[in-house]
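Below is start22.txt, holding compact mmCIF, C-alpha atoms.
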```txt
# COMPACT_ATOMS: atom_id res chain seq x y z
CA MET Z 1 -70.33 -32.06 19.67
CA THR Z 2 -71.56 -28.47 19.84
CA GLU Z 3 -68.57 -27.54 22.02
CA PHE Z 4 -66.20 -29.08 19.49
CA TYR Z 5 -67.87 -27.14 16.66
CA ILE Z 6 -67.65 -23.84 18.59
CA LEU Z 7 -64.05 -24.58 19.57
CA LYS Z 8 -63.21 -25.11 15.89
CA GLU Z 9 -64.90 -21.84 14.90
CA LEU Z 10 -63.06 -19.88 17.62
CA ILE Z 11 -59.67 -21.27 16.54
CA LEU Z 12 -60.40 -20.68 12.84
CA LYS Z 13 -61.36 -17.09 13.65
CA ASP Z 14 -58.08 -16.53 15.54
CA LEU Z 15 -56.05 -18.03 12.70
CA LYS Z 16 -57.86 -15.84 10.17
CA LEU Z 17 -57.18 -12.74 12.27
CA SER Z 18 -53.50 -13.63 12.61
CA ILE Z 19 -53.08 -14.20 8.88
CA ARG Z 20 -54.78 -10.88 8.11
CA ARG Z 21 -52.35 -9.12 10.41
CA GLY Z 22 -49.55 -9.80 7.97
CA PHE Z 23 -46.95 -7.83 9.93
CA GLU Z 24 -47.34 -10.21 12.90
CA VAL Z 25 -46.66 -13.26 10.74
CA LEU Z 26 -43.66 -11.52 9.25
CA ALA Z 27 -42.33 -10.41 12.66
CA SER Z 28 -42.62 -13.89 14.19
CA LEU Z 29 -41.06 -15.58 11.17
CA SER Z 30 -38.23 -13.05 11.21
CA PHE Z 31 -37.63 -13.77 14.90
CA VAL Z 32 -37.50 -17.51 14.27
CA LEU Z 33 -35.17 -17.12 11.29
CA ILE Z 34 -32.79 -14.69 12.99
CA SER Z 35 -32.65 -16.64 16.26
CA ALA Z 36 -31.92 -19.88 14.37
CA LEU Z 37 -29.20 -18.14 12.41
CA LEU Z 38 -27.58 -16.60 15.49
CA ILE Z 39 -27.69 -19.81 17.52
CA SER Z 40 -26.21 -21.77 14.61
CA GLN Z 41 -23.47 -19.19 14.00
CA ALA Z 42 -22.31 -19.56 17.59
CA ASN Z 43 -21.03 -23.05 16.71
CA LEU Z 44 -22.73 -24.53 19.75
CA TYR Z 45 -22.49 -28.19 20.61
CA ALA Z 46 -25.67 -30.23 20.33
CA GLU Z 47 -25.90 -30.28 24.14
CA VAL Z 48 -26.20 -26.49 24.11
CA LEU Z 49 -28.05 -26.11 20.82
CA VAL Z 50 -31.14 -27.93 22.13
CA PRO Z 51 -31.44 -25.88 25.37
CA ALA Z 52 -31.15 -22.77 23.20
CA LEU Z 53 -34.15 -24.06 21.28
CA TRP Z 54 -36.18 -24.26 24.52
CA ILE Z 55 -35.35 -20.64 25.28
CA VAL Z 56 -36.60 -19.62 21.84
CA VAL Z 57 -39.81 -21.62 22.42
CA VAL Z 58 -40.38 -19.74 25.70
CA PHE Z 59 -39.95 -16.44 23.86
CA ILE Z 60 -42.44 -17.58 21.21
CA ALA Z 61 -44.86 -18.32 24.06
CA VAL Z 62 -44.36 -14.79 25.41
CA PHE Z 63 -45.17 -13.49 21.92
CA THR Z 64 -48.37 -15.55 21.70
CA THR Z 65 -49.71 -14.04 24.95
CA THR Z 66 -50.31 -10.79 23.08
CA THR Z 67 -52.34 -12.57 20.39
CA SER Z 68 -54.47 -14.30 23.00
CA PHE Z 69 -56.76 -12.66 25.59
CA ILE Z 70 -54.90 -9.35 25.59
CA ARG Z 71 -55.90 -8.70 21.98
CA GLU Z 72 -59.53 -9.65 22.65
CA PHE Z 73 -59.61 -7.44 25.72
CA ASP Z 74 -58.03 -4.43 24.02
CA SER Z 75 -60.35 -4.61 21.02
CA LYS Z 76 -63.40 -5.16 23.33
CA THR Z 77 -64.26 -8.33 21.41
CA LEU Z 78 -63.90 -10.39 24.59
CA GLN Z 79 -67.23 -8.87 25.61
CA GLY Z 80 -68.76 -10.27 22.42
CA LEU Z 81 -67.51 -13.75 23.28
CA LEU Z 82 -68.76 -13.48 26.87
CA LEU Z 83 -72.17 -12.30 25.68
CA SER Z 84 -72.49 -15.47 23.62
CA PRO Z 85 -73.92 -18.63 25.17
CA ILE Z 86 -70.54 -20.35 25.34
CA SER Z 87 -68.75 -21.18 28.55
CA PRO Z 88 -65.62 -19.22 29.49
CA GLN Z 89 -63.75 -22.54 29.66
CA ILE Z 90 -64.40 -23.12 25.95
CA VAL Z 91 -63.05 -19.64 25.19
CA PHE Z 92 -60.00 -20.38 27.33
CA PHE Z 93 -59.42 -23.79 25.74
CA SER Z 94 -59.67 -22.25 22.27
CA LYS Z 95 -56.93 -19.77 23.20
CA VAL Z 96 -54.74 -22.61 24.52
CA LEU Z 97 -55.15 -24.57 21.28
CA PHE Z 98 -54.58 -21.48 19.14
CA SER Z 99 -51.38 -20.71 21.09
CA TYR Z 100 -50.36 -24.36 20.69
CA ILE Z 101 -50.78 -24.19 16.91
CA LEU Z 102 -48.69 -21.00 16.75
CA ILE Z 103 -45.96 -22.29 19.06
CA VAL Z 104 -45.71 -25.67 17.30
CA LEU Z 105 -45.64 -24.07 13.83
CA LEU Z 106 -43.01 -21.50 14.74
CA GLY Z 107 -41.04 -24.05 16.80
CA LEU Z 108 -40.94 -26.55 13.94
CA ILE Z 109 -39.74 -23.82 11.58
CA GLU Z 110 -37.07 -22.95 14.18
CA ILE Z 111 -35.98 -26.61 14.33
CA LEU Z 112 -35.83 -26.78 10.55
CA PHE Z 113 -33.74 -23.60 10.30
CA LEU Z 114 -31.46 -24.79 13.11
CA TYR Z 115 -30.83 -27.97 11.15
CA ILE Z 116 -30.24 -26.07 7.89
CA PHE Z 117 -27.86 -23.54 9.45
CA SER Z 118 -25.99 -25.83 11.87
CA GLY Z 119 -26.23 -29.20 10.11
CA CYS Z 120 -26.91 -30.80 13.51
CA ASP Z 121 -29.60 -33.48 13.04
CA HIS Z 122 -29.76 -33.96 16.81
CA VAL Z 123 -32.44 -31.24 16.89
CA PHE Z 124 -34.98 -33.56 15.26
CA GLU Z 125 -34.71 -36.01 18.17
CA VAL Z 126 -36.33 -33.52 20.53
CA ILE Z 127 -39.55 -33.15 18.49
CA PRO Z 128 -41.65 -35.48 20.73
CA ILE Z 129 -40.73 -33.60 23.91
CA PHE Z 130 -41.05 -30.30 22.05
CA LEU Z 131 -44.68 -31.14 21.18
CA ILE Z 132 -45.50 -31.81 24.86
CA PHE Z 133 -43.55 -28.83 26.16
CA SER Z 134 -45.36 -26.65 23.61
CA PHE Z 135 -48.71 -27.71 25.06
CA TYR Z 136 -47.50 -26.98 28.59
CA ILE Z 137 -46.31 -23.55 27.61
CA SER Z 138 -49.47 -22.87 25.56
CA ILE Z 139 -51.53 -23.32 28.73
CA VAL Z 140 -49.14 -20.99 30.58
CA SER Z 141 -49.26 -18.47 27.73
CA ALA Z 142 -53.08 -18.35 27.57
CA PHE Z 143 -53.36 -18.19 31.35
CA SER Z 144 -50.78 -15.38 31.61
CA SER Z 145 -52.60 -13.46 28.91
CA ALA Z 146 -55.94 -13.82 30.73
CA LEU Z 147 -54.39 -13.00 34.09
CA VAL Z 148 -52.73 -9.74 33.10
CA MET Z 149 -55.15 -8.39 30.49
CA TYR Z 150 -56.66 -5.95 33.01
CA SER Z 151 -53.25 -4.76 34.21
CA GLU Z 152 -51.47 -1.69 32.93
CA GLY Z 153 -48.07 -3.21 33.70
CA ARG Z 154 -48.64 -6.30 31.61
CA GLY Z 155 -45.63 -5.65 29.36
CA PHE Z 156 -43.47 -6.40 32.38
CA LEU Z 157 -45.71 -9.02 33.98
CA ILE Z 158 -46.12 -11.38 31.02
CA PRO Z 159 -42.49 -12.51 30.66
CA VAL Z 160 -42.18 -12.80 34.44
CA ILE Z 161 -45.29 -15.00 34.76
CA VAL Z 162 -44.36 -17.16 31.76
CA PHE Z 163 -40.82 -17.72 33.09
CA VAL Z 164 -42.02 -18.42 36.64
CA PHE Z 165 -44.47 -21.06 35.38
CA THR Z 166 -41.81 -22.55 33.09
CA ILE Z 167 -39.05 -22.93 35.70
CA PRO Z 168 -40.56 -26.06 37.37
CA VAL Z 169 -40.46 -28.07 34.12
CA ILE Z 170 -37.05 -26.93 32.85
CA PRO Z 171 -35.13 -29.87 34.44
CA THR Z 172 -37.66 -32.34 33.02
CA VAL Z 173 -37.41 -30.82 29.55
CA PHE Z 174 -33.60 -30.67 29.61
CA GLU Z 175 -33.39 -34.30 30.71
CA GLN Z 176 -36.04 -35.16 28.08
CA ARG Z 177 -38.17 -37.17 30.49
CA ILE Z 178 -41.33 -37.38 28.41
CA PHE Z 179 -43.45 -39.26 30.96
CA PHE Z 180 -42.76 -36.77 33.77
CA LEU Z 181 -43.43 -33.83 31.45
CA LEU Z 182 -46.76 -35.39 30.51
CA ILE Z 183 -47.71 -35.62 34.19
CA GLU Z 184 -46.62 -32.04 34.86
CA THR Z 185 -48.56 -30.83 31.81
CA ALA Z 186 -51.68 -32.69 32.92
CA ALA Z 187 -51.34 -31.24 36.43
CA ILE Z 188 -51.03 -27.63 35.26
CA ALA Z 189 -53.84 -28.13 32.72
CA LEU Z 190 -56.14 -29.39 35.48
CA ALA Z 191 -55.22 -26.57 37.86
CA ILE Z 192 -55.50 -23.77 35.30
CA PHE Z 193 -58.65 -25.01 33.52
CA SER Z 194 -60.45 -25.24 36.85
CA ILE Z 195 -59.85 -21.55 37.60
CA SER Z 196 -59.89 -20.21 34.02
CA SER Z 197 -63.52 -19.02 34.07
CA TYR Z 198 -62.92 -16.86 37.17
CA VAL Z 199 -59.92 -15.23 35.51
CA ILE Z 200 -61.65 -14.46 32.21
CA GLU Z 201 -64.91 -13.03 33.51
CA ILE Z 202 -64.92 -9.27 33.66
CA MET S 203 -88.63 -12.06 31.99
CA ILE S 204 -86.25 -9.63 33.67
CA GLU S 205 -86.16 -9.31 37.45
CA LEU S 206 -83.72 -7.31 39.54
CA ILE S 207 -84.05 -7.73 43.30
CA ASP S 208 -82.24 -5.18 45.48
CA VAL S 209 -79.23 -4.98 43.13
CA TRP S 210 -76.16 -3.04 44.29
CA LYS S 211 -72.97 -2.50 42.33
CA SER S 212 -69.79 -0.75 43.37
CA PHE S 213 -66.58 0.17 41.58
CA ASN S 214 -63.53 1.15 43.65
CA ASN S 215 -65.61 1.33 46.85
CA GLU S 216 -68.08 3.73 45.23
CA TRP S 217 -71.68 2.63 44.81
CA VAL S 218 -72.90 3.06 41.23
CA LEU S 219 -76.20 1.27 41.76
CA ARG S 220 -78.03 1.28 45.11
CA GLY S 221 -80.75 -1.25 45.70
CA VAL S 222 -82.21 -1.33 42.19
CA ASN S 223 -85.49 -3.22 41.84
CA LEU S 224 -87.02 -3.86 38.45
CA GLU S 225 -89.52 -6.34 37.12
CA ILE S 226 -90.45 -6.65 33.46
CA THR S 227 -92.80 -9.50 32.70
CA ASN S 228 -94.16 -8.72 29.26
CA SER S 229 -93.11 -7.60 25.79
CA GLY S 230 -92.87 -3.91 24.96
CA LEU S 231 -90.45 -1.04 24.92
CA PHE S 232 -88.84 -0.08 28.23
CA VAL S 233 -86.45 2.84 28.54
CA ILE S 234 -83.96 3.59 31.31
CA VAL S 235 -83.28 7.32 31.27
CA GLY S 236 -80.33 8.85 33.08
CA ASP S 237 -77.49 11.31 32.83
CA ASN S 238 -73.95 10.34 31.86
CA GLY S 239 -72.40 8.25 34.61
CA SER S 240 -75.73 7.48 36.22
CA GLY S 241 -75.17 3.71 35.88
CA LYS S 242 -77.22 2.91 32.76
CA THR S 243 -74.44 0.94 31.09
CA THR S 244 -73.64 -0.84 34.35
CA LEU S 245 -77.27 -1.89 34.62
CA ILE S 246 -77.32 -3.29 31.06
CA LYS S 247 -74.02 -5.12 31.65
CA LEU S 248 -75.38 -6.61 34.87
CA ILE S 249 -78.52 -7.89 33.16
CA CYS S 250 -76.60 -9.45 30.28
CA GLY S 251 -74.10 -11.06 32.66
CA LEU S 252 -70.97 -9.13 31.69
CA LEU S 253 -70.82 -7.80 35.25
CA LYS S 254 -71.79 -9.43 38.50
CA PRO S 255 -73.76 -7.55 41.15
CA SER S 256 -72.02 -6.72 44.43
CA LYS S 257 -75.29 -7.50 46.20
CA GLY S 258 -78.72 -8.65 45.08
CA VAL S 259 -80.13 -11.07 42.54
CA ILE S 260 -80.72 -10.74 38.80
CA LYS S 261 -83.03 -13.19 37.10
CA VAL S 262 -83.59 -13.45 33.37
CA PHE S 263 -86.28 -15.91 32.27
CA GLY S 264 -86.48 -16.86 35.94
CA VAL S 265 -82.84 -17.97 35.99
CA ASP S 266 -80.25 -16.46 38.32
CA THR S 267 -77.67 -15.00 35.91
CA LYS S 268 -74.84 -15.91 38.30
CA LYS S 269 -75.69 -19.59 38.20
CA ASN S 270 -76.78 -20.39 34.65
CA LEU S 271 -75.60 -19.21 31.23
CA SER S 272 -78.50 -20.68 29.24
CA TYR S 273 -80.38 -17.37 29.13
CA LYS S 274 -77.61 -15.85 26.97
CA SER S 275 -78.86 -17.65 23.87
CA ARG S 276 -82.21 -15.86 24.25
CA ILE S 277 -80.99 -12.28 24.66
CA GLY S 278 -79.45 -9.80 22.22
CA VAL S 279 -77.19 -7.05 23.48
CA LEU S 280 -75.88 -3.84 21.97
CA LEU S 281 -73.06 -2.21 23.93
CA HIS S 282 -71.42 1.19 23.55
CA GLU S 283 -68.25 -0.44 22.29
CA ASN S 284 -67.75 -2.08 18.92
CA ILE S 285 -67.44 -5.80 19.66
CA LEU S 286 -66.92 -6.87 16.06
CA TYR S 287 -63.49 -7.90 14.77
CA ASP S 288 -61.83 -5.14 12.77
CA GLU S 289 -59.96 -7.60 10.52
CA LEU S 290 -63.11 -9.48 9.46
CA THR S 291 -65.71 -8.17 7.05
CA VAL S 292 -69.15 -7.22 8.32
CA TRP S 293 -70.66 -10.43 6.96
CA GLU S 294 -67.83 -12.64 8.28
CA ASN S 295 -68.40 -11.15 11.73
CA LEU S 296 -72.13 -11.85 11.60
CA GLU S 297 -71.54 -15.41 10.38
CA PHE S 298 -68.97 -16.00 13.11
CA TYR S 299 -71.27 -14.80 15.89
CA ALA S 300 -74.20 -16.78 14.42
CA LYS S 301 -72.06 -19.92 14.76
CA LEU S 302 -71.42 -19.13 18.42
CA TYR S 303 -75.19 -19.21 18.86
CA ASN S 304 -75.16 -22.58 17.11
CA ARG S 305 -77.03 -21.20 14.11
CA LYS S 306 -76.29 -21.94 10.47
CA ASP S 307 -77.63 -18.58 9.30
CA ILE S 308 -78.35 -15.25 10.89
CA SER S 309 -81.99 -14.71 11.85
CA ASP S 310 -84.57 -13.20 9.50
CA ILE S 311 -85.00 -10.19 11.77
CA ALA S 312 -81.23 -9.56 11.60
CA VAL S 313 -81.25 -9.85 7.79
CA GLU S 314 -84.12 -7.38 7.70
CA ALA S 315 -82.21 -4.97 9.97
CA PHE S 316 -79.08 -5.50 7.86
CA GLU S 317 -80.93 -4.33 4.78
CA SER S 318 -82.95 -1.53 6.35
CA LEU S 319 -79.84 -0.07 8.01
CA GLY S 320 -78.15 0.10 4.60
CA LEU S 321 -75.36 -2.33 5.45
CA LYS S 322 -75.72 -4.35 2.26
CA ARG S 323 -73.15 -2.26 0.40
CA PHE S 324 -70.64 -2.72 3.26
CA LYS S 325 -71.16 -6.49 3.46
CA ASP S 326 -67.63 -7.35 2.28
CA ILE S 327 -65.86 -4.38 3.86
CA LYS S 328 -63.67 -4.98 6.92
CA VAL S 329 -65.23 -3.56 10.08
CA GLY S 330 -61.99 -1.70 10.85
CA GLU S 331 -62.52 0.36 7.71
CA LEU S 332 -66.00 1.55 8.71
CA SER S 333 -66.87 4.79 10.48
CA TYR S 334 -68.30 4.80 14.04
CA GLY S 335 -71.89 5.07 12.82
CA TRP S 336 -71.61 2.14 10.42
CA LYS S 337 -69.86 0.03 13.05
CA LYS S 338 -72.73 0.78 15.39
CA ARG S 339 -75.28 -0.31 12.79
CA ALA S 340 -73.34 -3.56 12.23
CA ASN S 341 -73.32 -4.12 16.01
CA ILE S 342 -77.09 -3.63 16.11
CA VAL S 343 -77.48 -6.38 13.51
CA ARG S 344 -75.11 -8.59 15.51
CA ALA S 345 -77.34 -8.17 18.54
CA LEU S 346 -80.25 -9.60 16.56
CA ILE S 347 -78.56 -12.59 14.89
CA ASN S 348 -80.11 -15.09 17.32
CA ASP S 349 -83.65 -13.65 17.07
CA PRO S 350 -83.57 -12.83 20.80
CA GLU S 351 -86.63 -12.73 23.04
CA ILE S 352 -85.07 -9.94 25.10
CA VAL S 353 -83.27 -7.05 23.40
CA LEU S 354 -80.93 -4.91 25.51
CA PHE S 355 -79.63 -1.83 23.69
CA ASP S 356 -77.32 0.59 25.45
CA GLU S 357 -77.90 4.05 23.96
CA PRO S 358 -78.76 2.79 20.47
CA PHE S 359 -79.13 6.31 19.01
CA SER S 360 -75.84 7.82 20.11
CA GLY S 361 -73.42 8.72 17.34
CA LEU S 362 -75.94 8.09 14.56
CA ASP S 363 -77.32 10.42 11.92
CA SER S 364 -81.02 11.28 11.68
CA ASN S 365 -81.71 8.69 8.95
CA ALA S 366 -80.24 5.88 10.99
CA ARG S 367 -82.10 7.09 14.10
CA ALA S 368 -85.39 6.92 12.22
CA VAL S 369 -84.64 3.40 10.98
CA ILE S 370 -83.67 2.23 14.48
CA ASP S 371 -86.74 3.91 15.92
CA ASP S 372 -88.90 1.88 13.53
CA LEU S 373 -86.91 -1.26 14.24
CA LEU S 374 -87.30 -0.90 18.03
CA TYR S 375 -91.02 -0.21 17.66
CA LYS S 376 -91.41 -3.32 15.51
CA LEU S 377 -89.33 -5.47 17.87
CA SER S 378 -91.24 -4.28 20.91
CA LYS S 379 -94.50 -5.76 19.55
CA SER S 380 -93.29 -9.29 20.15
CA LYS S 381 -90.17 -8.94 22.31
CA THR S 382 -89.04 -7.27 25.51
CA VAL S 383 -86.92 -4.34 24.41
CA LEU S 384 -84.97 -2.55 27.12
CA ILE S 385 -82.92 0.44 26.02
CA THR S 386 -81.01 3.20 27.78
CA SER S 387 -81.11 6.83 26.80
CA PRO S 388 -79.88 10.16 28.19
CA VAL S 389 -83.14 11.82 27.09
CA THR S 390 -86.76 10.90 27.80
CA PRO S 391 -88.29 9.28 24.71
CA GLU S 392 -91.78 9.84 23.35
CA ILE S 393 -92.80 6.20 23.59
CA GLY S 394 -92.20 3.28 25.94
CA VAL S 395 -92.32 2.68 29.67
CA VAL S 396 -89.80 5.04 31.24
CA TYR S 397 -87.62 4.34 34.30
CA LYS S 398 -85.43 7.15 35.59
CA LEU S 399 -82.03 6.35 37.01
CA TYR S 400 -80.24 8.89 39.17
CA ASP S 401 -77.89 8.63 42.12
CA GLY S 402 -77.82 4.89 41.46
CA VAL S 403 -81.52 4.52 42.26
CA LEU S 404 -84.14 3.49 39.72
CA HIS S 405 -87.42 5.41 39.83
CA THR S 406 -90.53 4.26 38.00
```
Would it be possible to restate this file's structure as structure tokens?
Amino acid sequence: MTEFYILKELILKDLKLSIRRGFEVLASLSFVLISALLISQANLYAEVLVPALWIVVVFIAVFTTTTSFIREFDSKTLQGLLLSPISPQIVFFSKVLFSYILIVLLGLIEILFLYIFSGCDHVFEVIPIFLIFSFYISIVSAFSSALVMYSEGRGFLIPVIVFVFTIPVIPTVFEQRIFFLLIETAAIALAIFSISSYVIEI
Amino acid sequence: MIELIDVWKSFNNEWVLRGVNLEITNSGLFVIVGDNGSGKTTLIKLICGLLKPSKGVIKVFGVDTKKNLSYKSRIGVLLHENILYDELTVWENLEFYAKLYNRKDISDIAVEAFESLGLKRFKDIKVGELSYGWKKRANIVRALINDPEIVLFDEPFSGLDSNARAVIDDLLYKLSKSKTVLITSPVTPEIGVVYKLYDGVLHT
């Protein structure tokens, strides 16, 4: 119960920080709007429109890495969290859920804009798999952020790590095999959560 | 309360601390004095668990800090760096950290420090808009939100004006009556039990 309460407070804090950084909200919304407009203008078939959506989701995940551990590390506030009597796994899980909220929100706006601009209602059919894929990529995003926060070359490393971790599930996502994606998400969650505390600790 | 047994710490194959032994069993004011780069901050970060020793054992409340996190709810730490969120107000930060310690309100001692340090008028100001000295004062209050039994302050006087120094001096003296207060300082203070740290070795 206490863990749930702390988790809620950590996520609320991250959401509050994001909202107060107005330029970040504006930048991410602009990206979603422009990408939806460009993809729609290309007159793509539904078979291509949906994969284009997955690419945008991966880019959103790359964006969320900077709002995750990297921001906490740069502003030294990660030390404040680690000084508190909360386990590093809770901190990590809060970052995963925060990334998930961001990715799902921005992804749903992307889907809505794609529908408005292209008129293709096929994009709504992928929402269930989008919700699972978003969780998978949220774990990858938080993990990448924690992994590279100490590195000077993180600007280059983040997209590489996110793409490398995403490649194994691309066929599953494209073929929209929900059950297999669930298994792959559970597997990566288990693997990453078990090592998360070692990665976060300074 | 605090026990360091043959603690060594290295960074980039260079030993910063060499076989440090320290045992503090009672309340009072304890001061680690050392020059810049002598390892004072490293020592504080090792005790509070932000760093792990390369060799040796650190026990706080009899618990090995590598194995158990429970001691963290009973210590209060002030670091050199501002660990408050720039986008949140001073009060929002304190409330947030209090929740992490599973407290509904910040402790009485923190409220007292909040008022005596003159932070009341900055309560609703974002931390990012404060000067270094005011940020430091807010961080001091943050370190006391859980009414800790052990207080670890890394150079609490640096970057502060004489008024603030006097207030913190009083605060530390008051805290040391009932708590274990361990601070670091580049200069030898007039009160407290002094340990000197040089060449990575702690001398009593």
Contact set, chain Z to chain S: 10 Å, only C-alpha atoms, as a VMD selection string: chain Z and resid 2 to 3 5 to 7 9 to 10 12 to 13 16 to 21 72 75 to 87 201 to 202
Keeping only C-alpha atoms, write the selected residues to a file as a CSV table (one decimal), in the coordinates of the input.
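Printed below is out_20.csv as written:
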```csv
chain,number,residue,atom,x,y,z
Z,2,THR,CA,-71.6,-28.5,19.8
Z,3,GLU,CA,-68.6,-27.5,22.0
Z,5,TYR,CA,-67.9,-27.1,16.7
Z,6,ILE,CA,-67.6,-23.8,18.6
Z,7,LEU,CA,-64.0,-24.6,19.6
Z,9,GLU,CA,-64.9,-21.8,14.9
Z,10,LEU,CA,-63.1,-19.9,17.6
Z,12,LEU,CA,-60.4,-20.7,12.8
Z,13,LYS,CA,-61.4,-17.1,13.6
Z,16,LYS,CA,-57.9,-15.8,10.2
Z,17,LEU,CA,-57.2,-12.7,12.3
Z,18,SER,CA,-53.5,-13.6,12.6
Z,19,ILE,CA,-53.1,-14.2,8.9
Z,20,ARG,CA,-54.8,-10.9,8.1
Z,21,ARG,CA,-52.4,-9.1,10.4
Z,72,GLU,CA,-59.5,-9.6,22.6
Z,75,SER,CA,-60.4,-4.6,21.0
Z,76,LYS,CA,-63.4,-5.2,23.3
Z,77,THR,CA,-64.3,-8.3,21.4
Z,78,LEU,CA,-63.9,-10.4,24.6
Z,79,GLN,CA,-67.2,-8.9,25.6
Z,80,GLY,CA,-68.8,-10.3,22.4
Z,81,LEU,CA,-67.5,-13.8,23.3
Z,82,LEU,CA,-68.8,-13.5,26.9
Z,83,LEU,CA,-72.2,-12.3,25.7
Z,84,SER,CA,-72.5,-15.5,23.6
Z,85,PRO,CA,-73.9,-18.6,25.2
Z,86,ILE,CA,-70.5,-20.4,25.3
Z,87,SER,CA,-68.8,-21.2,28.6
Z,201,GLU,CA,-64.9,-13.0,33.5
Z,202,ILE,CA,-64.9,-9.3,33.7
```
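Between CA of Pro128 in chain Z and CA of Pro168 in chain Z lies a distance of 19.2 Å.
By only C-alpha atoms, and with residues fewer than 6 positions from Phe180 in chain Z along its chain excluded, the set lying at most 12 Å from it is Z:Ile129, Z:Ile132, Z:Phe133, Z:Pro168, Z:Val169, Z:Ile170, Z:Pro171, Z:Thr172, Z:Val173, Z:Phe174, Z:Ala186, Z:Ala187.
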Output of the above residues as a PDB file, in the coordinates of the input, restricted to C-alpha atoms:
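Wrote it out as out21.pdb, contents follow:
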```pdb
ATOM      1  CA  ILE Z 129     -40.730 -33.600  23.910  1.00  0.00           C
ATOM      2  CA  ILE Z 132     -45.500 -31.810  24.860  1.00  0.00           C
ATOM      3  CA  PHE Z 133     -43.550 -28.830  26.160  1.00  0.00           C
ATOM      4  CA  PRO Z 168     -40.560 -26.060  37.370  1.00  0.00           C
ATOM      5  CA  VAL Z 169     -40.460 -28.070  34.120  1.00  0.00           C
ATOM      6  CA  ILE Z 170     -37.050 -26.930  32.850  1.00  0.00           C
ATOM      7  CA  PRO Z 171     -35.130 -29.870  34.440  1.00  0.00           C
ATOM      8  CA  THR Z 172     -37.660 -32.340  33.020  1.00  0.00           C
ATOM      9  CA  VAL Z 173     -37.410 -30.820  29.550  1.00  0.00           C
ATOM     10  CA  PHE Z 174     -33.600 -30.670  29.610  1.00  0.00           C
ATOM     11  CA  ALA Z 186     -51.680 -32.690  32.920  1.00  0.00           C
ATOM     12  CA  ALA Z 187     -51.340 -31.240  36.430  1.00  0.00           C
TER      13      ALA Z 187
END
```
Skipping near chain neighbours, those fewer than 4 positions away, what residues fall within 12 Å of Ser118 in chain Z using only C-alpha atoms, listed as a VMD selection string? chain Z and resid 36 to 46 49 to 50 110 to 114 122 to 123
For Asn365 in chain S: contacts at 12 Å, only C-alpha atoms, fewer than 4 positions along chain excluded, given as JSON, numbers by chain: {"S": [318, 319, 320, 335, 339, 359, 361, 369, 370, 371, 372]}
